[in-house]
file start.cif (mmCIF, C-alpha atoms)
data_protein
#
loop_
_atom_site.label_atom_id
_atom_site.label_comp_id
_atom_site.auth_asym_id
_atom_site.auth_seq_id
_atom_site.Cartn_x
_atom_site.Cartn_y
_atom_site.Cartn_z
CA MET A 1 -12.73 28.44 -1.84
CA ALA A 2 -12.49 30.28 1.47
CA ASN A 3 -16.30 30.48 1.79
CA SER A 4 -16.57 26.68 2.14
CA SER A 5 -14.10 26.64 5.02
CA CYS A 6 -14.59 27.08 8.76
CA VAL A 7 -10.91 27.96 9.14
CA THR A 8 -10.02 31.58 8.33
CA GLU A 9 -6.33 31.42 9.21
CA PHE A 10 -3.57 28.87 9.83
CA PHE A 11 -1.03 28.77 12.64
CA LEU A 12 2.45 27.71 11.48
CA LEU A 13 4.14 25.68 14.20
CA GLY A 14 7.47 25.74 12.36
CA PHE A 15 10.43 25.17 14.69
CA SER A 16 8.58 26.23 17.86
CA SER A 17 9.49 22.94 19.57
CA LEU A 18 13.16 23.99 19.56
CA GLY A 19 12.59 26.84 22.03
CA GLU A 20 15.59 29.17 22.43
CA LEU A 21 17.49 27.40 19.65
CA GLN A 22 15.22 29.27 17.23
CA LEU A 23 17.40 32.38 17.67
CA ILE A 24 20.45 30.44 16.46
CA LEU A 25 18.41 29.05 13.56
CA PHE A 26 17.30 32.60 12.71
CA MET A 27 20.90 33.82 12.45
CA VAL A 28 22.01 30.80 10.41
CA PHE A 29 19.04 30.93 8.01
CA LEU A 30 19.32 34.72 7.66
CA CYS A 31 22.98 34.42 6.60
CA LEU A 32 22.15 31.64 4.14
CA TYR A 33 19.20 33.61 2.74
CA LEU A 34 21.36 36.70 2.17
CA ILE A 35 24.00 34.58 0.42
CA ILE A 36 21.32 33.00 -1.82
CA LEU A 37 19.80 36.40 -2.61
CA ASN A 38 23.12 38.13 -3.33
CA GLY A 39 24.46 35.22 -5.38
CA ASN A 40 21.40 35.10 -7.64
CA ILE A 41 21.18 38.89 -8.00
CA ILE A 42 24.88 39.00 -9.04
CA ILE A 43 24.30 36.28 -11.65
CA ILE A 44 21.18 37.97 -13.06
CA SER A 45 22.90 41.39 -13.20
CA VAL A 46 26.09 40.07 -14.82
CA ILE A 47 24.26 38.04 -17.47
CA CYS A 48 21.96 40.96 -18.31
CA LEU A 49 24.76 43.56 -18.47
CA ASP A 50 27.53 41.58 -20.20
CA HIS A 51 26.76 41.08 -23.92
CA SER A 52 29.28 38.22 -24.19
CA LEU A 53 26.96 36.19 -21.94
CA HIS A 54 23.90 36.74 -24.14
CA THR A 55 23.78 33.11 -25.27
CA PRO A 56 21.05 30.48 -24.79
CA MET A 57 22.96 28.70 -22.01
CA TYR A 58 23.32 31.84 -19.90
CA PHE A 59 19.76 32.86 -20.72
CA PHE A 60 18.53 29.70 -18.98
CA LEU A 61 20.96 30.21 -16.09
CA CYS A 62 19.45 33.69 -15.70
CA VAL A 63 15.94 32.18 -15.72
CA LEU A 64 17.10 29.63 -13.12
CA SER A 65 18.53 32.36 -10.86
CA THR A 66 15.35 34.43 -11.21
CA SER A 67 13.25 31.38 -10.32
CA GLU A 68 15.49 30.60 -7.32
CA THR A 69 15.20 34.20 -6.09
CA PHE A 70 11.40 34.21 -6.07
CA TYR A 71 11.31 30.58 -4.87
CA THR A 72 13.15 31.56 -1.68
CA ILE A 73 11.32 34.89 -1.28
CA VAL A 74 8.02 33.00 -1.07
CA ILE A 75 9.20 30.89 1.90
CA LEU A 76 12.20 32.25 3.80
CA PRO A 77 11.19 35.81 4.88
CA LYS A 78 8.03 34.51 6.60
CA MET A 79 10.00 31.65 8.15
CA LEU A 80 12.59 34.10 9.53
CA ILE A 81 9.86 36.32 11.00
CA ASN A 82 8.19 33.29 12.62
CA LEU A 83 11.46 32.23 14.26
CA LEU A 84 11.37 35.47 16.29
CA SER A 85 7.61 35.79 16.69
CA VAL A 86 4.95 34.16 18.84
CA LEU A 87 2.20 35.24 16.42
CA ARG A 88 2.70 32.82 13.53
CA THR A 89 -0.65 33.02 11.81
CA LEU A 90 -1.25 33.10 8.07
CA SER A 91 -4.63 33.88 6.53
CA PHE A 92 -6.44 31.23 4.48
CA VAL A 93 -5.80 33.15 1.22
CA SER A 94 -2.16 33.88 2.15
CA CYS A 95 -1.55 30.20 2.88
CA ALA A 96 -3.06 29.20 -0.49
CA SER A 97 -1.03 31.91 -2.28
CA GLN A 98 2.19 30.79 -0.61
CA MET A 99 1.59 27.18 -1.66
CA TYR A 100 0.71 28.23 -5.22
CA PHE A 101 3.84 30.35 -5.78
CA PHE A 102 6.13 27.89 -3.99
CA LEU A 103 4.97 25.01 -6.20
CA GLY A 104 5.07 27.24 -9.28
CA PHE A 105 8.69 28.36 -8.81
CA ALA A 106 9.90 24.96 -7.57
CA PRO A 107 10.81 23.01 -10.76
CA LEU A 108 14.31 23.14 -12.24
CA HIS A 109 14.67 22.78 -16.01
CA TYR A 110 17.65 21.93 -18.23
CA THR A 111 18.17 22.39 -21.98
CA ILE A 112 20.68 22.41 -24.86
CA LEU A 113 22.03 25.08 -27.23
CA MET A 114 19.29 26.37 -29.53
CA SER A 115 17.85 29.45 -31.25
CA TRP A 116 16.58 32.43 -29.25
CA ARG A 117 13.04 31.80 -30.49
CA VAL A 118 13.10 28.22 -29.18
CA CYS A 119 14.68 29.48 -25.92
CA GLY A 120 11.81 31.92 -25.42
CA GLN A 121 9.19 29.30 -26.28
CA LEU A 122 10.73 26.77 -23.87
CA ALA A 123 10.98 29.32 -21.07
CA VAL A 124 7.35 30.40 -21.50
CA THR A 125 6.19 26.76 -21.73
CA CYS A 126 8.04 25.84 -18.54
CA ILE A 127 6.66 28.85 -16.65
CA VAL A 128 3.06 28.41 -17.83
CA SER A 129 2.99 24.63 -17.31
CA GLY A 130 4.65 24.97 -13.90
CA PHE A 131 2.08 27.46 -12.64
CA LEU A 132 -0.85 25.52 -14.14
CA ILE A 133 0.25 22.39 -12.26
CA SER A 134 0.76 24.56 -9.16
CA LEU A 135 -2.76 26.00 -9.56
CA LEU A 136 -4.23 22.49 -9.83
CA GLY A 137 -2.40 21.27 -6.72
CA THR A 138 -3.34 24.33 -4.67
CA ALA A 139 -6.99 24.14 -5.77
CA LEU A 140 -7.17 20.45 -4.87
CA VAL A 141 -5.96 21.25 -1.35
CA PHE A 142 -7.92 24.42 -0.60
CA SER A 143 -11.21 23.23 -2.14
CA LEU A 144 -11.45 20.85 0.83
CA PRO A 145 -13.33 21.91 4.00
CA PHE A 146 -11.18 22.92 6.99
CA CYS A 147 -13.31 22.82 10.13
CA GLY A 148 -10.96 21.34 12.72
CA SER A 149 -7.47 22.30 13.87
CA ASN A 150 -5.70 25.18 12.10
CA LYS A 151 -2.18 24.31 13.32
CA VAL A 152 0.13 23.59 10.36
CA ASN A 153 3.04 21.48 11.63
CA HIS A 154 5.55 23.07 9.27
CA TYR A 155 7.32 26.39 8.64
CA PHE A 156 5.28 27.14 5.49
CA CYS A 157 2.04 26.03 3.83
CA ASP A 158 3.14 22.82 2.13
CA ILE A 159 0.76 20.22 0.70
CA SER A 160 1.06 17.35 3.20
CA PRO A 161 0.82 19.29 6.50
CA VAL A 162 -2.10 21.40 5.21
CA ILE A 163 -4.14 18.61 3.60
CA ARG A 164 -3.91 16.60 6.85
CA LEU A 165 -6.06 19.32 8.46
CA ALA A 166 -8.88 18.85 5.94
CA TYR A 167 -12.24 17.77 7.39
CA ALA A 168 -13.03 15.34 4.54
CA GLU A 169 -11.82 12.28 2.63
CA THR A 170 -8.70 13.32 0.68
CA TYR A 171 -7.85 10.15 -1.28
CA ILE A 172 -8.88 11.43 -4.75
CA ASN A 173 -7.23 14.82 -4.19
CA GLU A 174 -3.98 13.18 -3.06
CA LEU A 175 -4.03 10.76 -5.99
CA VAL A 176 -4.25 13.60 -8.53
CA ILE A 177 -1.50 15.51 -6.66
CA PHE A 178 0.65 12.35 -6.69
CA ILE A 179 0.23 11.99 -10.47
CA GLY A 180 1.20 15.64 -10.87
CA GLY A 181 4.23 15.04 -8.65
CA VAL A 182 5.35 12.13 -10.85
CA LEU A 183 5.08 14.34 -13.95
CA VAL A 184 7.01 17.20 -12.32
CA LEU A 185 9.66 15.20 -10.44
CA VAL A 186 10.18 11.68 -11.80
CA VAL A 187 9.85 12.33 -15.56
CA PRO A 188 12.34 15.27 -15.66
CA LEU A 189 14.77 13.36 -13.41
CA ILE A 190 14.74 10.40 -15.82
CA PHE A 191 15.55 12.68 -18.79
CA ILE A 192 18.28 14.45 -16.78
CA VAL A 193 19.95 11.16 -15.81
CA ILE A 194 19.76 9.95 -19.45
CA SER A 195 21.30 13.22 -20.68
CA TYR A 196 24.15 12.88 -18.15
CA GLY A 197 24.68 9.33 -19.42
CA PHE A 198 25.30 10.73 -22.93
CA ILE A 199 27.55 13.43 -21.45
CA ALA A 200 29.58 10.78 -19.61
CA SER A 201 30.04 8.73 -22.80
CA THR A 202 31.26 11.89 -24.59
CA ILE A 203 33.70 12.71 -21.76
CA LEU A 204 35.19 9.21 -21.98
CA LYS A 205 36.19 10.00 -25.58
CA ILE A 206 38.37 12.93 -24.43
CA SER A 207 42.01 11.96 -24.93
CA SER A 208 43.46 14.19 -22.19
CA ALA A 209 43.36 12.75 -18.67
CA GLU A 210 43.25 16.27 -17.21
CA GLY A 211 40.36 17.17 -19.52
CA LYS A 212 38.44 14.07 -18.41
CA ARG A 213 39.06 14.89 -14.75
CA LYS A 214 37.80 18.48 -15.08
CA ALA A 215 34.74 17.44 -17.11
CA PHE A 216 33.79 14.67 -14.68
CA SER A 217 34.33 17.03 -11.72
CA THR A 218 31.95 19.60 -13.22
CA CYS A 219 29.29 17.03 -14.18
CA ALA A 220 29.51 15.28 -10.81
CA SER A 221 28.84 18.51 -8.88
CA HIS A 222 25.88 19.30 -11.17
CA LEU A 223 24.45 15.80 -10.84
CA ILE A 224 24.82 15.77 -7.04
CA VAL A 225 22.73 18.97 -6.74
CA VAL A 226 20.09 17.56 -9.11
CA VAL A 227 19.84 14.22 -7.28
CA VAL A 228 19.69 15.91 -3.84
CA HIS A 229 16.96 18.32 -4.97
CA TYR A 230 14.79 15.79 -6.80
CA GLY A 231 15.46 13.03 -4.28
CA CYS A 232 14.41 15.12 -1.28
CA ALA A 233 11.40 16.59 -3.12
CA SER A 234 10.30 13.09 -4.20
CA PHE A 235 10.61 11.83 -0.61
CA VAL A 236 8.20 14.55 0.55
CA TYR A 237 5.67 14.71 -2.30
CA LEU A 238 5.48 11.18 -3.73
CA ARG A 239 3.75 9.58 -0.73
CA PRO A 240 0.42 9.89 1.11
CA SER A 241 -0.02 12.70 3.66
CA ALA A 242 -0.59 10.02 6.33
CA LYS A 243 3.13 9.22 6.05
CA TYR A 244 4.03 12.82 6.96
CA THR A 245 6.35 13.09 9.97
CA SER A 246 6.94 16.67 11.08
CA GLY A 247 10.54 16.45 12.32
CA LYS A 248 12.01 14.38 9.49
CA ASP A 249 10.03 16.19 6.77
CA ARG A 250 11.07 19.62 8.04
CA LEU A 251 14.72 18.58 7.84
CA VAL A 252 14.32 17.19 4.32
CA THR A 253 12.38 20.29 3.22
CA VAL A 254 15.20 22.56 4.46
CA THR A 255 17.46 20.72 1.99
CA TYR A 256 15.54 21.81 -1.11
CA THR A 257 14.25 25.17 0.14
CA ILE A 258 17.61 26.44 1.46
CA ILE A 259 20.57 24.15 0.69
CA THR A 260 20.05 23.55 -3.06
CA PRO A 261 19.16 27.24 -3.74
CA LEU A 262 22.43 28.04 -1.91
CA LEU A 263 24.43 25.59 -4.05
CA ASN A 264 22.84 26.35 -7.44
CA PRO A 265 24.51 29.77 -8.04
CA MET A 266 27.92 28.36 -7.09
CA VAL A 267 27.64 25.11 -9.03
CA TYR A 268 25.99 26.40 -12.20
CA SER A 269 27.32 29.95 -12.56
CA LEU A 270 29.87 31.37 -10.12
CA ARG A 271 32.38 28.57 -10.86
CA ASN A 272 32.12 29.36 -14.57
CA LYS A 273 35.18 31.20 -15.94
CA ASP A 274 33.08 33.36 -18.31
CA VAL A 275 30.87 34.47 -15.41
CA GLN A 276 33.92 35.15 -13.20
CA LEU A 277 35.47 37.26 -15.95
CA ALA A 278 32.22 39.18 -16.45
CA ILE A 279 31.99 39.86 -12.68
CA ARG A 280 35.57 41.19 -12.65
CA LYS A 281 34.78 43.42 -15.64
CA MET A 282 31.64 44.74 -13.94
CA ILE A 283 33.55 45.48 -10.73
CA GLU A 284 36.30 47.25 -12.69
CA LYS A 285 33.74 49.39 -14.54
CA ALA A 286 32.04 50.30 -11.27
CA ARG A 287 35.45 51.22 -9.76
CA LEU A 288 36.34 53.45 -12.73
CA ARG A 289 32.96 55.19 -12.59
CA PHE A 290 33.39 55.81 -8.88
CA CYS A 291 36.90 57.22 -9.41
CA ASN A 292 35.66 59.51 -12.20
CA TYR A 293 32.80 60.66 -9.97
CA VAL A 294 35.22 61.45 -7.13
CA LYS A 295 37.42 63.46 -9.51
CA THR A 296 34.47 65.64 -10.50
CA LEU A 297 33.78 66.62 -6.87
#

call {"tool": "encode", "arguments": {"input": "start.cif", "output": "structure tokens"}}
result
Amino acid sequence: MANSSCVTEFFLLGFSSLGELQLILFMVFLCLYLIILNGNIIIISVICLDHSLHTPMYFFLCVLSTSETFYTIVILPKMLINLLSVLRTLSFVSCASQMYFFLGFAPLHYTILMSWRVCGQLAVTCIVSGFLISLLGTALVFSLPFCGSNKVNHYFCDISPVIRLAYAETYINELVIFIGGVLVLVVPLIFIVISYGFIASTILKISSAEGKRKAFSTCASHLIVVVVHYGCASFVYLRPSAKYTSGKDRLVTVTYTIITPLLNPMVYSLRNKDVQLAIRKMIEKARLRFCNYVKTL
């Protein structure tokens, strides 16, 4: 694909228009990134080490945390470096790779209790289908000729800001990407909302008022994260690239590249009593091992 292009590298404008405020953004985003990374690593470690959490539900929470970890690794380290650097270039291949992995790790998936075999099959199906759709989207963008400007008005290689630089008619490419976006964003969101409708009807049958309150509180927090993530992603991807506005889109993109990955560990796992108990057990085991090690010295 690179051979058909005049452009050999892209320049990421990112937040360069903010001047000295970029240093404040760097500190804020660095703290958020470390929280996201630590939260997901804790969840993955606890679920893998504690046998009481080896159930299908926690298996998918572990898959979600793993996906979130790589999802943020693809975007945030480069963004943090660019906030402190004047040289913000990314090679043609690196830009394509970043887009491919970002789109591949992006989708969130939800499921119900089932056998381990079905869990494995669903996980593999989600991963394979996600990366196939990502490959199609990336190929549709980077098969176009880039012979003009190489300045990407974003903090990473996303579809709209990159395809706007193409030196060709992009209607067909954008139409196929739009159809893929509908399949990845709108269809899952419809099923998620329907499933929460069934959950709500089940909660209403609970006789205890306190039980209803707790159940609705948990579901509401889950649903808010889902709606924010899918809503913001739909706003960015389910429209033509001509509608792209750098300032507004960057703000919306921050929501689903930083805010929802920050909320997911807390909403789906760290608030869970079983996970909290497993973390306390892991900390206690680590403390005992350390004490025994000190005694041997």

call {"tool": "closest_residue", "arguments": {"input": "start.cif", "among": "A:Glu68, A:Glu20, A:Asp50, A:Glu9", "to": "Phe92 (chain A)", "atoms": "only C-alpha atoms"}}
result
A:Glu9

call {"tool": "atom_distance", "arguments": {"input": "start.cif", "atom1": "CA of Val182 (chain A)", "atom2": "CA of Leu238 (chain A)"}}
result
7.2 Å

call {"tool": "closest_residue", "arguments": {"input": "start.cif", "among": "A:Ser241, A:Ser208, A:Ala215, A:Ile172", "to": "Ile159 (chain A)", "atoms": "all atoms listed in the file"}}
result
A:Ser241

call {"tool": "atom_distance", "arguments": {"input": "start.cif", "atom1": "CA of Leu32 (chain A)", "atom2": "CA of Ile224 (chain A)"}}
result
19.6 Å

call {"tool": "resolve_selection", "arguments": {"input": "start.cif", "expression": "the PyMOL selection byres ((chain A and resi 16) around 12)", "output": "PyMOL selection string"}}
result
chain A and resi 11-15+17-23+25-26+79+82-88+151-155+246-247

call {"tool": "closest_residue", "arguments": {"input": "start.cif", "among": "A:Ala168, A:Leu37, A:Val118, A:Leu251", "to": "Phe235 (chain A)", "atoms": "all atoms listed in the file"}}
result
A:Leu251

call {"tool": "resolve_selection", "arguments": {"input": "start.cif", "expression": "the PyMOL selection byres ((chain A and resi 93-106) around 9)", "output": "MDAnalysis selection string"}}
result
chainID A and resid 1:2 8:10 67:68 70:72 74:75 90:92 107:108 127:139 141:142 156:159 257

call {"tool": "write_last_selection", "arguments": {"input": "start.cif", "atoms": "C-alpha atoms", "output": "CSV table (one decimal), in the coordinates of the input"}}
result
chain,number,residue,atom,x,y,z
A,1,MET,CA,-12.7,28.4,-1.8
A,2,ALA,CA,-12.5,30.3,1.5
A,8,THR,CA,-10.0,31.6,8.3
A,9,GLU,CA,-6.3,31.4,9.2
A,10,PHE,CA,-3.6,28.9,9.8
A,67,SER,CA,13.2,31.4,-10.3
A,68,GLU,CA,15.5,30.6,-7.3
A,70,PHE,CA,11.4,34.2,-6.1
A,71,TYR,CA,11.3,30.6,-4.9
A,72,THR,CA,13.2,31.6,-1.7
A,74,VAL,CA,8.0,33.0,-1.1
A,75,ILE,CA,9.2,30.9,1.9
A,90,LEU,CA,-1.2,33.1,8.1
A,91,SER,CA,-4.6,33.9,6.5
A,92,PHE,CA,-6.4,31.2,4.5
A,107,PRO,CA,10.8,23.0,-10.8
A,108,LEU,CA,14.3,23.1,-12.2
A,127,ILE,CA,6.7,28.8,-16.6
A,128,VAL,CA,3.1,28.4,-17.8
A,129,SER,CA,3.0,24.6,-17.3
A,130,GLY,CA,4.6,25.0,-13.9
A,131,PHE,CA,2.1,27.5,-12.6
A,132,LEU,CA,-0.8,25.5,-14.1
A,133,ILE,CA,0.2,22.4,-12.3
A,134,SER,CA,0.8,24.6,-9.2
A,135,LEU,CA,-2.8,26.0,-9.6
A,136,LEU,CA,-4.2,22.5,-9.8
A,137,GLY,CA,-2.4,21.3,-6.7
A,138,THR,CA,-3.3,24.3,-4.7
A,139,ALA,CA,-7.0,24.1,-5.8
A,141,VAL,CA,-6.0,21.2,-1.4
A,142,PHE,CA,-7.9,24.4,-0.6
A,156,PHE,CA,5.3,27.1,5.5
A,157,CYS,CA,2.0,26.0,3.8
A,158,ASP,CA,3.1,22.8,2.1
A,159,ILE,CA,0.8,20.2,0.7
A,257,THR,CA,14.2,25.2,0.1

call {"tool": "residues_around", "arguments": {"input": "start.cif", "residues": "Leu30 (chain A)", "least_positions_apart": "4", "cutoff": "10 Å", "atoms": "all atoms listed in the file", "output": "list in words"}}
result
Ile24, Leu25, Phe26, Leu34, Ile35, Ile36, Leu76, Pro77, Met79 and Leu80 of chain A

call {"tool": "atom_distance", "arguments": {"input": "start.cif", "atom1": "CA of Ala233 (chain A)", "atom2": "CA of Thr253 (chain A)"}}
result
7.4 Å

call {"tool": "closest_residue", "arguments": {"input": "start.cif", "among": "A:Val226, A:Ser269, A:Pro188, A:Lys248", "to": "Phe59 (chain A)", "atoms": "only C-alpha atoms"}}
result
A:Ser269

call {"tool": "closest_residue", "arguments": {"input": "start.cif", "among": "A:Gln276, A:Ser160, A:Thr218, A:Thr69", "to": "Arg250 (chain A)", "atoms": "only C-alpha atoms"}}
result
A:Ser160

call {"tool": "resolve_selection", "arguments": {"input": "start.cif", "expression": "the PyMOL selection byres ((chain A and resi 196) around 12)", "output": "ChimeraX atom specification"}}
result
/A:110-111,189-195,197-203,215-216,218-224,226-227

call {"tool": "write_last_selection", "arguments": {"input": "start.cif", "atoms": "C-alpha atoms", "output": "PDB file, in the frame of the given file"}}
result
ATOM      1  CA  TYR A 110      17.650  21.930 -18.230  1.00  0.00           C
ATOM      2  CA  THR A 111      18.170  22.390 -21.980  1.00  0.00           C
ATOM      3  CA  LEU A 189      14.770  13.360 -13.410  1.00  0.00           C
ATOM      4  CA  ILE A 190      14.740  10.400 -15.820  1.00  0.00           C
ATOM      5  CA  PHE A 191      15.550  12.680 -18.790  1.00  0.00           C
ATOM      6  CA  ILE A 192      18.280  14.450 -16.780  1.00  0.00           C
ATOM      7  CA  VAL A 193      19.950  11.160 -15.810  1.00  0.00           C
ATOM      8  CA  ILE A 194      19.760   9.950 -19.450  1.00  0.00           C
ATOM      9  CA  SER A 195      21.300  13.220 -20.680  1.00  0.00           C
ATOM     10  CA  GLY A 197      24.680   9.330 -19.420  1.00  0.00           C
ATOM     11  CA  PHE A 198      25.300  10.730 -22.930  1.00  0.00           C
ATOM     12  CA  ILE A 199      27.550  13.430 -21.450  1.00  0.00           C
ATOM     13  CA  ALA A 200      29.580  10.780 -19.610  1.00  0.00           C
ATOM     14  CA  SER A 201      30.040   8.730 -22.800  1.00  0.00           C
ATOM     15  CA  THR A 202      31.260  11.890 -24.590  1.00  0.00           C
ATOM     16  CA  ILE A 203      33.700  12.710 -21.760  1.00  0.00           C
ATOM     17  CA  ALA A 215      34.740  17.440 -17.110  1.00  0.00           C
ATOM     18  CA  PHE A 216      33.790  14.670 -14.680  1.00  0.00           C
ATOM     19  CA  THR A 218      31.950  19.600 -13.220  1.00  0.00           C
ATOM     20  CA  CYS A 219      29.290  17.030 -14.180  1.00  0.00           C
ATOM     21  CA  ALA A 220      29.510  15.280 -10.810  1.00  0.00           C
ATOM     22  CA  SER A 221      28.840  18.510  -8.880  1.00  0.00           C
ATOM     23  CA  HIS A 222      25.880  19.300 -11.170  1.00  0.00           C
ATOM     24  CA  LEU A 223      24.450  15.800 -10.840  1.00  0.00           C
ATOM     25  CA  ILE A 224      24.820  15.770  -7.040  1.00  0.00           C
ATOM     26  CA  VAL A 226      20.090  17.560  -9.110  1.00  0.00           C
ATOM     27  CA  VAL A 227      19.840  14.220  -7.280  1.00  0.00           C
TER      28      VAL A 227
END

call {"tool": "closest_residue", "arguments": {"input": "start.cif", "among": "A:Thr89, A:Ile283, A:Val236, A:Gln121", "to": "Pro161 (chain A)", "atoms": "only C-alpha atoms"}}
result
A:Val236

call {"tool": "residues_around", "arguments": {"input": "start.cif", "residues": "Thr255 (chain A)", "least_positions_apart": "4", "cutoff": "8 Å", "atoms": "only C-alpha atoms", "output": "VMD selection string"}}
result
chain A and resid 228 to 229 232 251 259 to 260

call {"tool": "write_last_selection", "arguments": {"input": "start.cif", "atoms": "C-alpha atoms", "output": "PDB file, in the coordinates of the input"}}
result
ATOM      1  CA  VAL A 228      19.690  15.910  -3.840  1.00  0.00           C
ATOM      2  CA  HIS A 229      16.960  18.320  -4.970  1.00  0.00           C
ATOM      3  CA  CYS A 232      14.410  15.120  -1.280  1.00  0.00           C
ATOM      4  CA  LEU A 251      14.720  18.580   7.840  1.00  0.00           C
ATOM      5  CA  ILE A 259      20.570  24.150   0.690  1.00  0.00           C
ATOM      6  CA  THR A 260      20.050  23.550  -3.060  1.00  0.00           C
TER       7      THR A 260
END

call {"tool": "residues_around", "arguments": {"input": "start.cif", "residues": "Arg239 (chain A)", "least_positions_apart": "4", "cutoff": "12 Å", "atoms": "all atoms listed in the file", "output": "number ranges by chain"}}
result
A: 159-160, 171, 174-179, 181-182, 233-235, 243-245, 249
